[in-house]
Amino acid sequence: MTDDRPPVRARGLVKRYDEVVAVDHIDLNVHAGDVYGFLGPNGAGKTTTLRMALGLITPTEGMVELFGRNPLREGARALEGVAGFVEAPRFYPYLTGRKNLELLAALDGDGARERIDEVLAVVELAPRAVHRVGGYSHGMRQRLGIAAALLRRPRLLILDEPATGLDPAGMRDMRLLIRRLADDGMTVLLSSHQLPEVQDLCDRVAIVDSGRVVYEGALTDLRRQGGAGYRLRSSDDAGALQVAREQPGIEHPLVDEHGLGFQAEEPAVGALSLALGRAGIGILALTPTLATLEDLFFRLTEHANGAGEAHAALPEQSANGADRLVPTQ
Amino acid sequence: MSSVAASASAPAARPARARRPSTATAYRWELRKLVSQKRTYLGFALVVILPLFFVVFQNVHQRHDRGGDNIFASQITQSGLATPVLMLLFLSVFMLPLAASLVAGDIVAAEDANGTLKTILTRSVNRGQVFAAKGFAAVTYATIAVFLSATVATVAGVASWGFRSVRTFSGSVVSAPEALLLVFAANAIYLIPLLTVAAIGLLLSTATRNSAAAVVGTIGIVILLFIIAQIPGLEGIKPYLVTEQFQNWHGLLRTPTDWAPIWHSLWVCALYAGPALVAGYLVFLRRDVAGG
């Protein structure tokens with residue numbers, strides 16, 4: 001049985017277009033139950049990778065399997081239990097929303113037609129389903145794309161920028177829907193530019209840049225490895241900055257409108273508070289902070305851009321405070 | 001989406017092995033798509049308007065002395081059944097190939113351009129099934145175009161000049177019922193080269209990913225073959241041009257029936273259609289679907 005196999009497993013995936021390398025030896029491991037974020041700047045190779053995963057384009061090298069099945073070798077059979085869309089979902093504009101779903105249900109078989117009303121209700125499109133898709137807004141098409149995917153009752157849902165073009169309420173609704181589907185046991189592979197959305201939804205992530213994976217693993221690990229940070233409000237921020245600069249173990253001290261920010265291990269933070277007391281500077285608040293996904297994303301992708309061979313790596317703070325790159329899992 | 005998203009339960013996980021749809025299902029939906037598109041009716045309009053225009057023109061001018069080389073032209077006002085034969089003679093050269101290529105050239109390329117190809121290729125049908133369904137749909141369209149034209153020409157001709165016997169190319173007279181049968185049999189025989197044109201259109205539609213290029217390319221090939229047939233010194237290859245097979249049905253309207261041009265067109269067209277379909281199929285199986 002294929003159910004025990006990982007929903008997505010890619011090894012050494014490469015896609016070249018003449019001289020351009022769109023995807024450069026990507027490995028992916030999406031586990032059952034993951035809400036897996038697939039991140040990267042525009043042109044990083046995310047959509048090309050997803051197209052290869054769905055068997056729409058042929059890898060130049062490497063392989064990708066969905067539940068242990070290779071879409072290139074096994075065709076539609078490899079897509080059993082898999083649904084989703086890459087880039088914007090596309091439909092027949094001259095057919096109504098319902099007719100589009102009827103067509104897709106017919107191409108799915110397996111009683112998908114009987115689920116049309118159910119999925120239209122899930123995405124709240126039932127009242128507009130009698131209208132032609134040609135008149136749908138972008139958001140409605142996105143929702144119809146989700147409905148079309150749910151028709152297949154997937155175990156793996158692949159979504160490429162599902163919130164693109166949605167208004168804030170639509171984005172929130174999309175997040176809620178994905179969260180609920182994940183809570184019901186569906187594995188979700190979510191490609192997104194919306195970093196807060198990924199931070200909110202995903203437990204594991206892969207970050208790609210220039211066709212290469214620069215990080216793959218748990219989001220919490222990534223944030224932890226991004227370095228523990230602190231925010232300090234004091235009676236004299238300028239004086240506190242001076243003290244912090246002279247204190248061993250305090251890295252990247254910086255004052256802004258919110259006070260003094262820095263990174264350090266706990267013993268160094270204790271030593272700093274004593275030193276501030278000795279300097280006659282009062283501590284008003286000392287708050288631990290965790291690096292945001294956005295911070296880490298930019299650090300990773302900017303590092304990879306400038307680091308040549310520094311792919312599959314994560315920046316970590318060195319003793320002298322400079323970022324360095326270390327291999328990841 | 002919020003309220004329902006928060007309350008509705010997600011569809012339950014499906015069984016590990018699902019029953020996949022048949023090629024016939026994909027074919028039925030290809031036909032539904034054709035029926036829903038306005039452009040589908042453009043080709044039909046072309047092959048219907050011309051016979052109607054011809055009959056109206058003949059009635060207005062009331063000319064009874066049509067002679068010329070063609071025996072059916074000379075009988076045009078003597079029997080309504082001469083009209084569909086004459087129309088097949090005219091339409092078979094360009095208009096029906098144009099109608100066939102309008103759909104065959106568009107059927108894959110349009111989906112590629114609109115991005116719907118990726119939509120249907122991520123469902124439970126294989127690429128081979130999709131290609132077969134599209135091929136059958138293009139064949140169905142061309143067949144309907146031919147018989148629709150024949151039916152309109154027959155009805156209009158008979159309404160104007162009666163359901164009477166006609167003389168065949170051999171000069172022998174056949175009864176009206178027999179002539180009616182021969183008219184539709186001739187149209188069926190004409191499908192051999194016409195479906196070959198459709199196969200070429202399907203190949204171009206798959207390979208070029210561009211509807212206009214595929215439709216124009218198909219018609220361009222037809223015109224090119226006509227030109228080649230006119231070039232002095234190339235008479236030797238003339239019998240092997242697909243455009244020369246457009247008149248293959250003449251053998252059916254001779255007494256006795258001359259089957260030789262029909263069999264000849266059958267194998268000549270197979271030499272064109274077979275490689276075109278195989279090439280189109282292979283391209284479709286291996287192509288990257290990167291549009292949309």
# chains A, B, ... in the order shown; residues from 1 in each chain; ligands from 1
call {"tool": "interface_residues", "arguments": {"of": "chain A", "to": "chain B", "cutoff": "6 Å", "atoms": "only C-alpha atoms", "output": "number ranges by chain"}}
result
A: 56-57, 75-76, 90-91, 107-110, 122-124, 153, 173, 177, 181
call {"tool": "write_last_selection", "arguments": {"atoms": "C-alpha atoms", "output": "PDB file, in the first residue's frame"}}
result
ATOM      1  CA  LEU A  56       2.679  18.576 -15.710  1.00  0.00           C
ATOM      2  CA  ILE A  57       6.294  19.042 -16.689  1.00  0.00           C
ATOM      3  CA  GLY A  75       0.159   9.214 -14.863  1.00  0.00           C
ATOM      4  CA  ALA A  76      -3.253   9.844 -13.337  1.00  0.00           C
ATOM      5  CA  ARG A  90      -8.149  27.914 -14.523  1.00  0.00           C
ATOM      6  CA  PHE A  91     -11.642  27.072 -15.662  1.00  0.00           C
ATOM      7  CA  LEU A 107     -12.943  13.407 -14.978  1.00  0.00           C
ATOM      8  CA  ASP A 108     -12.460  12.350 -11.360  1.00  0.00           C
ATOM      9  CA  GLY A 109     -15.101   9.626 -11.216  1.00  0.00           C
ATOM     10  CA  ASP A 110     -15.441   7.944  -7.847  1.00  0.00           C
ATOM     11  CA  VAL A 122     -17.540  24.948   1.831  1.00  0.00           C
ATOM     12  CA  VAL A 123     -16.225  27.770  -0.352  1.00  0.00           C
ATOM     13  CA  GLU A 124     -19.501  29.716  -0.206  1.00  0.00           C
ATOM     14  CA  ARG A 153     -11.346  14.244  -1.361  1.00  0.00           C
ATOM     15  CA  ASP A 173     -11.194  32.775   5.355  1.00  0.00           C
ATOM     16  CA  LEU A 177     -10.254  26.739   5.636  1.00  0.00           C
ATOM     17  CA  LEU A 181      -8.647  20.856   6.422  1.00  0.00           C
TER      18      LEU A 181
END
call {"tool": "select_by_dssp", "arguments": {"residues": "range 23-171 of chain B", "states": "alpha helix (DSSP H)", "output": "PyMOL selection string"}}
result
chain B and resi 23-36+38-61+82-91+95-104+109-114+116-121+127-161
call {"tool": "closest_residue", "arguments": {"among": "B:Gly233, B:Gly217, B:Gly171, B:Pro256", "to": "Ser74 in chain B", "atoms": "only C-alpha atoms"}}
result
B:Gly171
call {"tool": "closest_residue", "arguments": {"among": "B:Thr140, B:Thr154, B:Asn59, B:Gln75", "to": "Ala104 in chain B", "atoms": "only C-alpha atoms"}}
result
B:Thr140
call {"tool": "residues_around", "arguments": {"residues": "Ala32 in chain A", "least_positions_apart": "3", "cutoff": "9 Å", "atoms": "only C-alpha atoms", "output": "ChimeraX atom specification"}}
result
/A:4-8,35,155-156,185-188
call {"tool": "closest_residue", "arguments": {"among": "B:Leu98, B:Leu282, B:Leu191, B:Ala82", "to": "Ser165 in chain B", "atoms": "only C-alpha atoms"}}
result
B:Ala82
call {"tool": "residues_around", "arguments": {"residues": "range 61-67 of chain A", "least_positions_apart": "5", "cutoff": "9 Å", "atoms": "only C-alpha atoms", "output": "ChimeraX atom specification"}}
result
/A:2-16,25-28,52-55,72,78-82,156
call {"tool": "write_last_selection", "arguments": {"atoms": "N, CA and C atoms", "output": "short mmCIF file (atom, residue, chain, number, x, y, z; two decimals), in the first residue's frame"}}
result
data_model
loop_
_atom_site.label_atom_id
_atom_site.label_comp_id
_atom_site.auth_asym_id
_atom_site.auth_seq_id
_atom_site.Cartn_x
_atom_site.Cartn_y
_atom_site.Cartn_z
N THR A 2 0.38 2.28 -0.63
CA THR A 2 1.17 3.49 -0.72
C THR A 2 0.91 4.45 0.43
N ASP A 3 -0.11 4.16 1.26
CA ASP A 3 -0.51 5.12 2.29
C ASP A 3 0.58 5.41 3.30
N ASP A 4 1.49 4.43 3.52
CA ASP A 4 2.54 4.64 4.50
C ASP A 4 3.66 5.51 3.94
N ARG A 5 3.65 5.73 2.68
CA ARG A 5 4.74 6.48 2.06
C ARG A 5 4.48 7.97 2.17
N PRO A 6 5.54 8.75 2.12
CA PRO A 6 5.36 10.19 2.31
C PRO A 6 4.52 10.81 1.19
N PRO A 7 3.70 11.76 1.54
CA PRO A 7 2.87 12.40 0.51
C PRO A 7 3.69 12.99 -0.63
N VAL A 8 4.82 13.61 -0.29
CA VAL A 8 5.70 14.14 -1.34
C VAL A 8 7.13 13.81 -0.97
N ARG A 9 7.83 13.26 -1.93
CA ARG A 9 9.25 12.99 -1.73
C ARG A 9 9.94 13.30 -3.05
N ALA A 10 10.81 14.30 -3.02
CA ALA A 10 11.55 14.69 -4.23
C ALA A 10 13.03 14.52 -3.96
N ARG A 11 13.73 14.03 -4.96
CA ARG A 11 15.17 13.83 -4.83
C ARG A 11 15.90 14.35 -6.06
N GLY A 12 16.79 15.29 -5.83
CA GLY A 12 17.65 15.79 -6.90
C GLY A 12 16.89 16.36 -8.09
N LEU A 13 15.78 17.02 -7.79
CA LEU A 13 14.92 17.52 -8.85
C LEU A 13 15.58 18.71 -9.57
N VAL A 14 15.70 18.56 -10.89
CA VAL A 14 16.32 19.61 -11.70
C VAL A 14 15.42 19.91 -12.89
N LYS A 15 15.25 21.19 -13.20
CA LYS A 15 14.58 21.57 -14.44
C LYS A 15 15.39 22.67 -15.10
N ARG A 16 15.85 22.37 -16.30
CA ARG A 16 16.61 23.36 -17.08
C ARG A 16 15.83 23.76 -18.31
N HIS A 25 18.47 20.75 -8.26
CA HIS A 25 18.69 19.68 -7.29
C HIS A 25 17.91 19.89 -5.99
N ILE A 26 16.63 19.97 -6.13
CA ILE A 26 15.77 20.17 -4.96
C ILE A 26 15.37 18.82 -4.36
N ASP A 27 15.50 18.73 -3.05
CA ASP A 27 14.98 17.59 -2.28
C ASP A 27 13.85 18.11 -1.41
N LEU A 28 12.75 17.38 -1.39
CA LEU A 28 11.62 17.77 -0.52
C LEU A 28 11.13 16.54 0.22
N MET A 52 6.21 19.91 -11.60
CA MET A 52 6.86 18.61 -11.74
C MET A 52 6.21 17.59 -10.80
N ALA A 53 5.85 18.06 -9.60
CA ALA A 53 5.22 17.15 -8.64
C ALA A 53 3.89 16.62 -9.17
N LEU A 54 3.18 17.46 -9.91
CA LEU A 54 1.87 17.05 -10.44
C LEU A 54 1.98 16.38 -11.81
N GLY A 55 3.19 16.21 -12.29
CA GLY A 55 3.38 15.52 -13.57
C GLY A 55 3.09 16.38 -14.77
N LEU A 72 5.13 10.84 -13.52
CA LEU A 72 5.58 10.70 -14.91
C LEU A 72 5.41 9.28 -15.41
N ALA A 78 -0.93 8.14 -10.20
CA ALA A 78 -0.08 8.73 -9.16
C ALA A 78 -0.76 9.90 -8.47
N LEU A 79 -1.82 10.42 -9.09
CA LEU A 79 -2.51 11.58 -8.51
C LEU A 79 -3.72 11.17 -7.66
N GLU A 80 -3.90 9.87 -7.46
CA GLU A 80 -4.98 9.43 -6.57
C GLU A 80 -4.76 10.00 -5.19
N GLY A 81 -5.76 10.64 -4.66
CA GLY A 81 -5.64 11.22 -3.33
C GLY A 81 -4.90 12.55 -3.32
N VAL A 82 -4.63 13.09 -4.50
CA VAL A 82 -3.89 14.36 -4.60
C VAL A 82 -4.74 15.37 -5.37
N LEU A 156 -3.67 14.71 0.02
CA LEU A 156 -2.64 15.74 -0.14
C LEU A 156 -3.22 16.87 -0.97
#
call {"tool": "residues_around", "arguments": {"residues": "Leu252 in chain B", "least_positions_apart": "4", "cutoff": "8 Å", "atoms": "only C-alpha atoms", "output": "ChimeraX atom specification"}}
result
/B:182,185-186,257-259
call {"tool": "closest_residue", "arguments": {"among": "B:Ala109, B:Val146, B:Ala132, B:Ala207", "to": "Phe184 in chain B", "atoms": "only C-alpha atoms"}}
result
B:Val146
call {"tool": "atom_distance", "arguments": {"atom1": "CA of Asp203 in chain A", "atom2": "CA of Val86 in chain A"}}
result
21.2 Å
call {"tool": "select_by_dssp", "arguments": {"residues": "range 12-212 of chain A", "states": "strand (DSSP E)", "output": "ChimeraX atom specification"}}
result
/A:12-17,20-30,35-39,61-66,82-85,156-160,187-191,204-209,212
call {"tool": "write_last_selection", "arguments": {"atoms": "N, CA and C atoms", "output": "compact mmCIF listing (two decimals), in the first residue's frame"}}
result
# COMPACT_ATOMS: atom_id res chain seq x y z
N GLY A 12 16.79 15.29 -5.83
CA GLY A 12 17.65 15.79 -6.90
C GLY A 12 16.89 16.36 -8.09
N LEU A 13 15.78 17.02 -7.79
CA LEU A 13 14.92 17.52 -8.85
C LEU A 13 15.58 18.71 -9.57
N VAL A 14 15.70 18.56 -10.89
CA VAL A 14 16.32 19.61 -11.70
C VAL A 14 15.42 19.91 -12.89
N LYS A 15 15.25 21.19 -13.20
CA LYS A 15 14.58 21.57 -14.44
C LYS A 15 15.39 22.67 -15.10
N ARG A 16 15.85 22.37 -16.30
CA ARG A 16 16.61 23.36 -17.08
C ARG A 16 15.83 23.76 -18.31
N TYR A 17 15.84 25.04 -18.61
CA TYR A 17 15.32 25.53 -19.89
C TYR A 17 16.51 26.14 -20.62
N VAL A 20 19.04 28.22 -18.70
CA VAL A 20 18.46 28.65 -17.42
C VAL A 20 18.13 27.43 -16.55
N VAL A 21 18.63 27.44 -15.33
CA VAL A 21 18.31 26.36 -14.39
C VAL A 21 17.20 26.89 -13.46
N ALA A 22 15.99 26.42 -13.71
CA ALA A 22 14.84 26.90 -12.92
C ALA A 22 14.78 26.21 -11.57
N VAL A 23 15.12 24.93 -11.56
CA VAL A 23 15.12 24.15 -10.32
C VAL A 23 16.44 23.38 -10.28
N ASP A 24 17.13 23.50 -9.16
CA ASP A 24 18.51 23.01 -9.12
C ASP A 24 18.70 22.02 -7.96
N HIS A 25 18.47 20.75 -8.26
CA HIS A 25 18.69 19.68 -7.29
C HIS A 25 17.91 19.89 -5.99
N ILE A 26 16.63 19.97 -6.13
CA ILE A 26 15.77 20.17 -4.96
C ILE A 26 15.37 18.82 -4.36
N ASP A 27 15.50 18.73 -3.05
CA ASP A 27 14.98 17.59 -2.28
C ASP A 27 13.85 18.11 -1.41
N LEU A 28 12.75 17.38 -1.39
CA LEU A 28 11.62 17.77 -0.52
C LEU A 28 11.13 16.54 0.22
N ASN A 29 10.68 16.75 1.44
CA ASN A 29 10.11 15.66 2.24
C ASN A 29 8.87 16.19 2.96
N VAL A 30 7.74 15.93 2.38
CA VAL A 30 6.49 16.32 3.03
C VAL A 30 5.93 15.09 3.74
N VAL A 35 1.46 20.58 7.46
CA VAL A 35 1.06 21.76 6.68
C VAL A 35 2.41 22.36 6.31
N TYR A 36 2.79 22.12 5.09
CA TYR A 36 4.17 22.33 4.66
C TYR A 36 4.24 23.61 3.82
N GLY A 37 4.97 24.56 4.30
CA GLY A 37 5.12 25.82 3.59
C GLY A 37 6.25 25.73 2.57
N PHE A 38 5.97 26.19 1.37
CA PHE A 38 6.98 26.17 0.30
C PHE A 38 7.21 27.63 -0.08
N LEU A 39 8.33 28.16 0.35
CA LEU A 39 8.56 29.60 0.26
C LEU A 39 9.72 29.93 -0.67
N GLU A 61 16.32 16.23 -14.47
CA GLU A 61 16.97 15.18 -13.66
C GLU A 61 16.13 14.99 -12.40
N GLY A 62 16.41 13.87 -11.73
CA GLY A 62 15.79 13.64 -10.43
C GLY A 62 14.40 13.06 -10.54
N MET A 63 13.76 12.91 -9.40
CA MET A 63 12.42 12.33 -9.41
C MET A 63 11.60 12.90 -8.27
N VAL A 64 10.29 12.79 -8.45
CA VAL A 64 9.38 13.20 -7.39
C VAL A 64 8.30 12.12 -7.30
N GLU A 65 7.94 11.78 -6.07
CA GLU A 65 6.90 10.78 -5.85
C GLU A 65 5.82 11.36 -4.95
N LEU A 66 4.58 10.99 -5.26
CA LEU A 66 3.44 11.34 -4.42
C LEU A 66 2.91 10.04 -3.83
N VAL A 82 -4.63 13.09 -4.50
CA VAL A 82 -3.89 14.36 -4.60
C VAL A 82 -4.74 15.37 -5.37
N ALA A 83 -4.78 16.59 -4.91
CA ALA A 83 -5.51 17.63 -5.62
C ALA A 83 -4.86 18.97 -5.34
N GLY A 84 -5.27 19.96 -6.12
CA GLY A 84 -4.74 21.31 -5.90
C GLY A 84 -4.60 22.04 -7.20
N PHE A 85 -3.89 23.13 -7.15
CA PHE A 85 -3.65 23.88 -8.38
C PHE A 85 -2.32 24.58 -8.31
N LEU A 156 -3.67 14.71 0.02
CA LEU A 156 -2.64 15.74 -0.14
C LEU A 156 -3.22 16.87 -0.97
N LEU A 157 -3.19 18.07 -0.41
CA LEU A 157 -3.71 19.24 -1.10
C LEU A 157 -2.52 20.15 -1.44
N ILE A 158 -2.33 20.41 -2.74
CA ILE A 158 -1.23 21.27 -3.18
C ILE A 158 -1.82 22.62 -3.61
N LEU A 159 -1.42 23.66 -2.93
CA LEU A 159 -1.98 24.98 -3.22
C LEU A 159 -0.86 25.95 -3.52
N ASP A 160 -0.96 26.59 -4.66
CA ASP A 160 0.06 27.54 -5.08
C ASP A 160 -0.52 28.95 -4.93
N THR A 187 -2.96 16.48 4.45
CA THR A 187 -1.63 17.05 4.30
C THR A 187 -1.72 18.20 3.30
N VAL A 188 -1.11 19.31 3.66
CA VAL A 188 -1.21 20.49 2.78
C VAL A 188 0.19 20.94 2.40
N LEU A 189 0.41 21.07 1.11
CA LEU A 189 1.65 21.67 0.60
C LEU A 189 1.27 23.05 0.09
N LEU A 190 1.73 24.06 0.79
CA LEU A 190 1.27 25.43 0.54
C LEU A 190 2.43 26.29 0.05
N SER A 191 2.35 26.68 -1.21
CA SER A 191 3.33 27.62 -1.72
C SER A 191 2.76 29.01 -1.53
N ARG A 204 6.02 22.78 8.99
CA ARG A 204 7.32 22.56 8.36
C ARG A 204 7.39 23.42 7.11
N VAL A 205 8.62 23.81 6.76
CA VAL A 205 8.79 24.68 5.60
C VAL A 205 10.01 24.26 4.78
N ALA A 206 9.94 24.61 3.52
CA ALA A 206 11.14 24.59 2.67
C ALA A 206 11.25 25.99 2.08
N ILE A 207 12.44 26.53 2.16
CA ILE A 207 12.66 27.85 1.57
C ILE A 207 13.59 27.66 0.38
N VAL A 208 13.12 28.12 -0.77
CA VAL A 208 13.95 27.96 -1.98
C VAL A 208 14.36 29.33 -2.48
N ASP A 209 15.53 29.33 -3.07
CA ASP A 209 16.01 30.56 -3.67
C ASP A 209 16.89 30.19 -4.85
N ARG A 212 17.19 26.55 -5.53
CA ARG A 212 17.79 25.64 -4.56
C ARG A 212 17.09 25.75 -3.21
call {"tool": "atom_distance", "arguments": {"atom1": "CA of Ala133 in chain B", "atom2": "CA of Ala24 in chain B"}}
result
7.1 Å
call {"tool": "closest_residue", "arguments": {"among": "B:Pro261, B:Gly135, B:Pro97, B:Gly162", "to": "Thr243 in chain B", "atoms": "only C-alpha atoms"}}
result
B:Pro97
call {"tool": "residues_around", "arguments": {"residues": "Ser79 in chain B", "least_positions_apart": "3", "cutoff": "9 Å", "atoms": "only C-alpha atoms", "output": "ChimeraX atom specification"}}
result
/B:75-76,82-83,157-158,160-166,176
